[in-house]
>>> print(open('my_file_30.pdb').read())   # PDB, C-alpha atoms, pLDDT in the B column
ATOM      1  CA  MET N   1       0.000   0.000   0.000  1.00 66.00           C
ATOM      2  CA  SER N   2       1.017   3.579  -0.335  1.00 79.00           C
ATOM      3  CA  GLY N   3      -0.373   6.905   0.724  1.00 95.00           C
ATOM      4  CA  ILE N   4      -1.143   8.409   4.089  1.00 98.00           C
ATOM      5  CA  ALA N   5      -2.754   6.600   7.020  1.00 98.00           C
ATOM      6  CA  VAL N   6      -3.914   7.964  10.357  1.00 98.00           C
ATOM      7  CA  VAL N   7      -3.455   6.023  13.597  1.00 98.00           C
ATOM      8  CA  PRO N   8      -5.839   7.713  16.048  1.00 98.00           C
ATOM      9  CA  GLY N   9      -6.087   7.153  19.780  1.00 95.00           C
ATOM     10  CA  SER N  10      -5.986   8.662  23.223  1.00 95.00           C
ATOM     11  CA  PHE N  11      -2.480   7.283  23.909  1.00 96.00           C
ATOM     12  CA  ASP N  12      -2.797   8.038  27.650  1.00 96.00           C
ATOM     13  CA  PRO N  13      -0.092   6.791  27.826  1.00 96.00           C
ATOM     14  CA  VAL N  14       1.400   5.266  24.701  1.00 97.00           C
ATOM     15  CA  THR N  15       2.252   1.592  25.197  1.00 97.00           C
ATOM     16  CA  LEU N  16       4.513  -0.838  23.378  1.00 97.00           C
ATOM     17  CA  GLY N  17       1.349  -2.266  21.845  1.00 96.00           C
ATOM     18  CA  HIS N  18       0.672   1.132  20.261  1.00 97.00           C
ATOM     19  CA  ILE N  19       4.269   1.364  19.057  1.00 97.00           C
ATOM     20  CA  ASP N  20       3.959  -2.105  17.512  1.00 97.00           C
ATOM     21  CA  ILE N  21       0.897  -1.059  15.469  1.00 97.00           C
ATOM     22  CA  ILE N  22       2.495   2.273  14.462  1.00 98.00           C
ATOM     23  CA  SER N  23       5.752   0.570  13.418  1.00 97.00           C
ATOM     24  CA  ARG N  24       3.955  -2.060  11.370  1.00 97.00           C
ATOM     25  CA  GLY N  25       1.768   0.584   9.753  1.00 97.00           C
ATOM     26  CA  ALA N  26       4.896   2.572   8.861  1.00 97.00           C
ATOM     27  CA  LYS N  27       6.103  -0.434   6.839  1.00 97.00           C
ATOM     28  CA  VAL N  28       2.862  -0.552   4.863  1.00 96.00           C
ATOM     29  CA  PHE N  29       2.144   3.134   4.202  1.00 97.00           C
ATOM     30  CA  ASP N  30       4.325   5.937   2.855  1.00 97.00           C
ATOM     31  CA  HIS N  31       3.360   8.240   5.700  1.00 98.00           C
ATOM     32  CA  ILE N  32       1.721   7.671   9.086  1.00 98.00           C
ATOM     33  CA  ILE N  33       0.068  10.384  11.156  1.00 98.00           C
ATOM     34  CA  VAL N  34      -0.324   9.321  14.762  1.00 98.00           C
ATOM     35  CA  SER N  35      -3.049  11.570  16.081  1.00 98.00           C
ATOM     36  CA  VAL N  36      -3.907  12.094  19.738  1.00 97.00           C
ATOM     37  CA  LEU N  37      -7.611  12.495  20.407  1.00 93.00           C
ATOM     38  CA  ASN N  38      -8.365  15.572  22.474  1.00 90.00           C
ATOM     39  CA  ASN N  39     -11.460  14.313  24.299  1.00 80.00           C
ATOM     40  CA  GLN N  40     -12.573  17.043  26.671  1.00 74.00           C
ATOM     41  CA  HIS N  41     -15.027  14.686  28.393  1.00 78.00           C
ATOM     42  CA  LYS N  42     -12.221  12.546  29.846  1.00 78.00           C
ATOM     43  CA  GLN N  43      -9.711  13.383  32.537  1.00 87.00           C
ATOM     44  CA  PRO N  44      -6.447  12.053  31.092  1.00 93.00           C
ATOM     45  CA  LEU N  45      -3.321  11.491  33.140  1.00 94.00           C
ATOM     46  CA  PHE N  46      -1.205  13.300  30.535  1.00 96.00           C
ATOM     47  CA  SER N  47      -2.139  16.479  28.682  1.00 94.00           C
ATOM     48  CA  VAL N  48      -2.439  16.380  24.897  1.00 95.00           C
ATOM     49  CA  GLU N  49       0.896  18.210  24.667  1.00 96.00           C
ATOM     50  CA  GLU N  50       2.576  15.669  26.951  1.00 97.00           C
ATOM     51  CA  ARG N  51       1.151  12.749  24.967  1.00 97.00           C
ATOM     52  CA  ILE N  52       2.362  14.303  21.709  1.00 98.00           C
ATOM     53  CA  GLU N  53       5.856  14.724  23.148  1.00 98.00           C
ATOM     54  CA  LEU N  54       5.908  11.162  24.499  1.00 98.00           C
ATOM     55  CA  LEU N  55       4.804   9.807  21.109  1.00 98.00           C
ATOM     56  CA  GLN N  56       7.325  11.925  19.198  1.00 98.00           C
ATOM     57  CA  THR N  57      10.155  10.564  21.321  1.00 98.00           C
ATOM     58  CA  ALA N  58       8.870   6.981  21.135  1.00 97.00           C
ATOM     59  CA  THR N  59       8.545   7.099  17.324  1.00 98.00           C
ATOM     60  CA  LYS N  60      11.632   9.161  16.433  1.00 97.00           C
ATOM     61  CA  HIS N  61      13.232   6.040  14.907  1.00 97.00           C
ATOM     62  CA  LEU N  62      10.426   5.946  12.300  1.00 98.00           C
ATOM     63  CA  PRO N  63      11.188   8.616   9.663  1.00 97.00           C
ATOM     64  CA  ASN N  64       7.780   8.427   7.967  1.00 98.00           C
ATOM     65  CA  VAL N  65       5.773   8.981  11.171  1.00 98.00           C
ATOM     66  CA  GLU N  66       4.497  12.328  12.420  1.00 98.00           C
ATOM     67  CA  VAL N  67       2.501  13.050  15.556  1.00 98.00           C
ATOM     68  CA  ASP N  68      -0.457  15.418  15.726  1.00 98.00           C
ATOM     69  CA  SER N  69      -3.717  15.873  17.636  1.00 97.00           C
ATOM     70  CA  PHE N  70      -7.367  16.353  16.769  1.00 96.00           C
ATOM     71  CA  ASP N  71     -10.802  16.881  18.189  1.00 92.00           C
ATOM     72  CA  GLY N  72     -14.140  16.469  16.502  1.00 92.00           C
ATOM     73  CA  LEU N  73     -14.947  13.764  13.998  1.00 95.00           C
ATOM     74  CA  LEU N  74     -12.071  11.501  13.006  1.00 96.00           C
ATOM     75  CA  ILE N  75     -13.322  11.281   9.426  1.00 97.00           C
ATOM     76  CA  ASP N  76     -13.125  15.084   9.042  1.00 97.00           C
ATOM     77  CA  TYR N  77      -9.571  15.064  10.387  1.00 97.00           C
ATOM     78  CA  VAL N  78      -8.550  12.227   8.041  1.00 98.00           C
ATOM     79  CA  LYS N  79      -9.969  14.060   5.014  1.00 97.00           C
ATOM     80  CA  ASN N  80      -8.270  17.302   6.080  1.00 97.00           C
ATOM     81  CA  LYS N  81      -4.934  15.446   6.222  1.00 97.00           C
ATOM     82  CA  LYS N  82      -5.573  13.923   2.761  1.00 97.00           C
ATOM     83  CA  ALA N  83      -5.187  10.444   4.230  1.00 97.00           C
ATOM     84  CA  THR N  84      -6.720   7.414   2.535  1.00 96.00           C
ATOM     85  CA  SER N  85      -6.806   5.028   5.492  1.00 98.00           C
ATOM     86  CA  ILE N  86      -7.345   4.725   9.222  1.00 98.00           C
ATOM     87  CA  ILE N  87      -5.324   2.076  11.066  1.00 98.00           C
ATOM     88  CA  LYS N  88      -6.818   0.519  14.187  1.00 97.00           C
ATOM     89  CA  GLY N  89      -5.142  -2.068  16.396  1.00 95.00           C
ATOM     90  CA  LEU N  90      -7.238  -4.933  17.710  1.00 93.00           C
ATOM     91  CA  ARG N  91      -6.449  -6.947  20.826  1.00 88.00           C
ATOM     92  CA  ALA N  92      -9.609  -9.018  21.262  1.00 81.00           C
ATOM     93  CA  VAL N  93     -13.097  -9.657  19.944  1.00 78.00           C
ATOM     94  CA  SER N  94     -14.412  -6.904  22.211  1.00 77.00           C
ATOM     95  CA  ASP N  95     -12.173  -4.385  20.416  1.00 83.00           C
ATOM     96  CA  PHE N  96     -13.451  -5.637  17.069  1.00 89.00           C
ATOM     97  CA  GLU N  97     -17.117  -5.085  17.941  1.00 88.00           C
ATOM     98  CA  TYR N  98     -16.547  -1.442  18.860  1.00 90.00           C
ATOM     99  CA  GLU N  99     -14.126  -0.740  16.015  1.00 93.00           C
ATOM    100  CA  LEU N 100     -16.470  -2.350  13.489  1.00 94.00           C
ATOM    101  CA  GLN N 101     -19.157   0.154  14.499  1.00 94.00           C
ATOM    102  CA  MET N 102     -16.706   3.046  14.165  1.00 95.00           C
ATOM    103  CA  ALA N 103     -15.517   1.807  10.764  1.00 96.00           C
ATOM    104  CA  ALA N 104     -19.116   1.489   9.577  1.00 97.00           C
ATOM    105  CA  ILE N 105     -20.059   5.039  10.539  1.00 96.00           C
ATOM    106  CA  ASN N 106     -16.832   6.380   9.040  1.00 96.00           C
ATOM    107  CA  ARG N 107     -17.591   4.509   5.806  1.00 96.00           C
ATOM    108  CA  LYS N 108     -21.094   5.984   5.795  1.00 97.00           C
ATOM    109  CA  LEU N 109     -19.649   9.481   6.240  1.00 96.00           C
ATOM    110  CA  ASP N 110     -16.996   8.992   3.538  1.00 96.00           C
ATOM    111  CA  ASP N 111     -16.722   5.724   1.645  1.00 96.00           C
ATOM    112  CA  SER N 112     -13.403   6.714   0.044  1.00 96.00           C
ATOM    113  CA  ILE N 113     -11.538   6.239   3.351  1.00 97.00           C
ATOM    114  CA  GLU N 114     -10.726   2.670   4.396  1.00 97.00           C
ATOM    115  CA  THR N 115     -10.291   1.385   7.927  1.00 97.00           C
ATOM    116  CA  ILE N 116      -7.462  -1.144   8.225  1.00 97.00           C
ATOM    117  CA  PHE N 117      -7.516  -3.475  11.232  1.00 96.00           C
ATOM    118  CA  MET N 118      -4.193  -4.826  12.517  1.00 96.00           C
ATOM    119  CA  MET N 119      -4.085  -7.587  15.069  1.00 94.00           C
ATOM    120  CA  THR N 120      -1.852  -6.731  17.979  1.00 91.00           C
ATOM    121  CA  ASN N 121       1.260  -8.814  18.477  1.00 91.00           C
ATOM    122  CA  ASN N 122       0.374 -11.609  20.920  1.00 90.00           C
ATOM    123  CA  GLN N 123       2.848 -10.326  23.493  1.00 91.00           C
ATOM    124  CA  TYR N 124       0.731  -7.138  23.790  1.00 91.00           C
ATOM    125  CA  SER N 125      -2.748  -8.652  23.591  1.00 89.00           C
ATOM    126  CA  TYR N 126      -3.448  -7.957  27.285  1.00 89.00           C
ATOM    127  CA  LEU N 127      -1.951  -4.466  27.284  1.00 91.00           C
ATOM    128  CA  SER N 128      -3.968  -1.264  27.575  1.00 92.00           C
ATOM    129  CA  SER N 129      -3.236   2.267  28.731  1.00 93.00           C
ATOM    130  CA  SER N 130      -5.589   1.709  31.684  1.00 92.00           C
ATOM    131  CA  ILE N 131      -3.645  -1.339  32.821  1.00 94.00           C
ATOM    132  CA  VAL N 132      -0.361   0.544  32.459  1.00 96.00           C
ATOM    133  CA  LYS N 133      -1.649   3.408  34.629  1.00 95.00           C
ATOM    134  CA  GLU N 134      -2.799   0.950  37.287  1.00 95.00           C
ATOM    135  CA  VAL N 135       0.580  -0.800  37.319  1.00 96.00           C
ATOM    136  CA  ALA N 136       2.416   2.540  37.470  1.00 96.00           C
ATOM    137  CA  LYS N 137       0.179   3.837  40.270  1.00 95.00           C
ATOM    138  CA  TYR N 138       1.407   1.027  42.515  1.00 95.00           C
ATOM    139  CA  HIS N 139       5.035   1.433  41.427  1.00 93.00           C
ATOM    140  CA  ALA N 140       5.201  -2.029  39.859  1.00 94.00           C
ATOM    141  CA  PRO N 141       7.705  -2.712  37.045  1.00 93.00           C
ATOM    142  CA  LEU N 142       6.804  -1.237  33.669  1.00 95.00           C
ATOM    143  CA  ASP N 143       9.390  -3.216  31.685  1.00 88.00           C
ATOM    144  CA  ASP N 144       8.020  -4.496  28.393  1.00 93.00           C
ATOM    145  CA  LEU N 145       4.863  -2.371  28.759  1.00 97.00           C
ATOM    146  CA  VAL N 146       5.875   1.116  27.642  1.00 97.00           C
ATOM    147  CA  PRO N 147       8.790   2.858  25.914  1.00 97.00           C
ATOM    148  CA  ASN N 148      11.543   4.053  28.284  1.00 95.00           C
ATOM    149  CA  ASN N 149      10.572   7.722  28.014  1.00 97.00           C
ATOM    150  CA  VAL N 150       6.989   6.873  28.975  1.00 97.00           C
ATOM    151  CA  GLU N 151       8.188   4.845  31.965  1.00 96.00           C
ATOM    152  CA  VAL N 152      10.124   7.879  33.207  1.00 95.00           C
ATOM    153  CA  ALA N 153       7.094  10.136  32.720  1.00 96.00           C
ATOM    154  CA  LEU N 154       4.801   7.695  34.541  1.00 97.00           C
ATOM    155  CA  LYS N 155       7.186   7.423  37.474  1.00 95.00           C
ATOM    156  CA  LYS N 156       7.200  11.238  37.753  1.00 95.00           C
ATOM    157  CA  LYS N 157       3.381  11.361  37.662  1.00 94.00           C
ATOM    158  CA  PHE N 158       3.064   8.749  40.391  1.00 93.00           C
ATOM    159  CA  ALA N 159       6.069   9.771  42.537  1.00 88.00           C
ATOM    160  CA  LYS N 160       5.156  10.014  46.216  1.00 64.00           C
TER     161      LYS N 160
END
>>> encode(input="my_file_30.pdb", output="structure tokens")
Amino acid sequence: MSGIAVVPGSFDPVTLGHIDIISRGAKVFDHIIVSVLNNQHKQPLFSVEERIELLQTATKHLPNVEVDSFDGLLIDYVKNKKATSIIKGLRAVSDFEYELQMAAINRKLDDSIETIFMMTNNQYSYLSSSIVKEVAKYHAPLDDLVPNNVEVALKKKFAK
């Protein structure tokens, strides 16, 4: 495949599972835009600016990846960026059910944009940002869960 793909998410915080999907997407598409959702109805641990910085550092080894943020409808953002695809990582059947609904509404809003589902590497199938925050809150090891820069940031957030 070629062209531009968007990898959207809250990334609060970015995990190695996210990095796996981004890295694999970067092998398939010419350009990847990792875009942090600015959801004002949630109380994230990290600000949008912090999440962007963490993602930029964690993906600096991928020359065709840029990091951005958005609010509003994903499909409008994707069109604005002239992307042709949305990449979504799937860990389990429960992810698929939700993401299938999102892909269907996005297709209804603009059928020229494809949603590509990537199965998460088995070693990350249990991993979520929520689990990472819970582990970090209790100062448990974060090895093999998040990039090093994210581990440092989490330890600062939960230092007491």
>>> residues_around(input="my_file_30.pdb", residues="Ala58 in chain N", least_positions_apart="4", cutoff="10 Å", atoms="only C-alpha atoms", output="JSON, numbers by chain")
{"N": [14, 15, 16, 19, 52, 53, 54, 62, 146, 147, 148, 149, 150]}
>>> residues_around(input="my_file_30.pdb", residues="range 110-117 of chain N", least_positions_apart="5", cutoff="10 Å", atoms="only C-alpha atoms", output="PDB file with C-alpha atoms, in the coordinates of the input")
ATOM      1  CA  ALA N   5      -2.754   6.600   7.020  1.00 98.00           C
ATOM      2  CA  VAL N   6      -3.914   7.964  10.357  1.00 98.00           C
ATOM      3  CA  VAL N   7      -3.455   6.023  13.597  1.00 98.00           C
ATOM      4  CA  ILE N  21       0.897  -1.059  15.469  1.00 97.00           C
ATOM      5  CA  GLY N  25       1.768   0.584   9.753  1.00 97.00           C
ATOM      6  CA  ILE N  75     -13.322  11.281   9.426  1.00 97.00           C
ATOM      7  CA  ASP N  76     -13.125  15.084   9.042  1.00 97.00           C
ATOM      8  CA  VAL N  78      -8.550  12.227   8.041  1.00 98.00           C
ATOM      9  CA  LYS N  79      -9.969  14.060   5.014  1.00 97.00           C
ATOM     10  CA  LYS N  82      -5.573  13.923   2.761  1.00 97.00           C
ATOM     11  CA  ALA N  83      -5.187  10.444   4.230  1.00 97.00           C
ATOM     12  CA  THR N  84      -6.720   7.414   2.535  1.00 96.00           C
ATOM     13  CA  SER N  85      -6.806   5.028   5.492  1.00 98.00           C
ATOM     14  CA  ILE N  86      -7.345   4.725   9.222  1.00 98.00           C
ATOM     15  CA  ILE N  87      -5.324   2.076  11.066  1.00 98.00           C
ATOM     16  CA  LYS N  88      -6.818   0.519  14.187  1.00 97.00           C
ATOM     17  CA  GLY N  89      -5.142  -2.068  16.396  1.00 95.00           C
ATOM     18  CA  LEU N  90      -7.238  -4.933  17.710  1.00 93.00           C
ATOM     19  CA  PHE N  96     -13.451  -5.637  17.069  1.00 89.00           C
ATOM     20  CA  GLU N  99     -14.126  -0.740  16.015  1.00 93.00           C
ATOM     21  CA  LEU N 100     -16.470  -2.350  13.489  1.00 94.00           C
ATOM     22  CA  MET N 102     -16.706   3.046  14.165  1.00 95.00           C
ATOM     23  CA  ALA N 103     -15.517   1.807  10.764  1.00 96.00           C
ATOM     24  CA  ALA N 104     -19.116   1.489   9.577  1.00 97.00           C
ATOM     25  CA  ILE N 105     -20.059   5.039  10.539  1.00 96.00           C
TER      26      ILE N 105
END
>>> closest_residue(input="my_file_30.pdb", among="N:Leu74, N:His139, N:Lys156, N:Ser130", to="Arg107 in chain N", atoms="all atoms listed in the file")
N:Leu74
>>> atom_distance(input="my_file_30.pdb", atom1="CA of Asn80 in chain N", atom2="CA of His61 in chain N")
25.8 Å
>>> closest_residue(input="my_file_30.pdb", among="N:Lys60, N:Lys27, N:Arg51, N:His41", to="Ser10 in chain N", atoms="all atoms listed in the file")
N:Arg51
>>> residues_around(input="my_file_30.pdb", residues="Asn121 in chain N", least_positions_apart="3", cutoff="8 Å", atoms="all atoms listed in the file", output="list in words")
Gly17, Asp20, Tyr124 and Ser125 of chain N
>>> closest_residue(input="my_file_30.pdb", among="N:Val67, N:Leu45, N:Met119, N:Ile33", to="Val93 in chain N", atoms="all atoms listed in the file")
N:Met119
>>> axis_aligned_box(input="my_file_30.pdb", around="range 126-144 of chain N", padding_each_side="3 Å", output="JSON")
{"center_x": 1.9, "center_y": -2.1, "center_z": 34.9, "size_x": 21.0, "size_y": 17.8, "size_z": 21.2}
>>> atom_distance(input="my_file_30.pdb", atom1="CA of Ser129 in chain N", atom2="CA of Ala26 in chain N")
21.5 Å
>>> atom_distance(input="my_file_30.pdb", atom1="CA of Lys155 in chain N", atom2="CA of Gln123 in chain N")
23.0 Å
>>> closest_residue(input="my_file_30.pdb", among="N:Asn106, N:Ser47, N:Ser69, N:Thr120", to="Lys157 in chain N", atoms="all atoms listed in the file")
N:Ser47
>>> closest_residue(input="my_file_30.pdb", among="N:Leu145, N:Thr59, N:Asn38, N:Lys108", to="Tyr126 in chain N", atoms="all atoms listed in the file")
N:Leu145
>>> residues_around(input="my_file_30.pdb", residues="Phe46 in chain N", least_positions_apart="2", cutoff="9 Å", atoms="all atoms listed in the file", output="ChimeraX atom specification")
/N:12-13,43-44,48-51,157
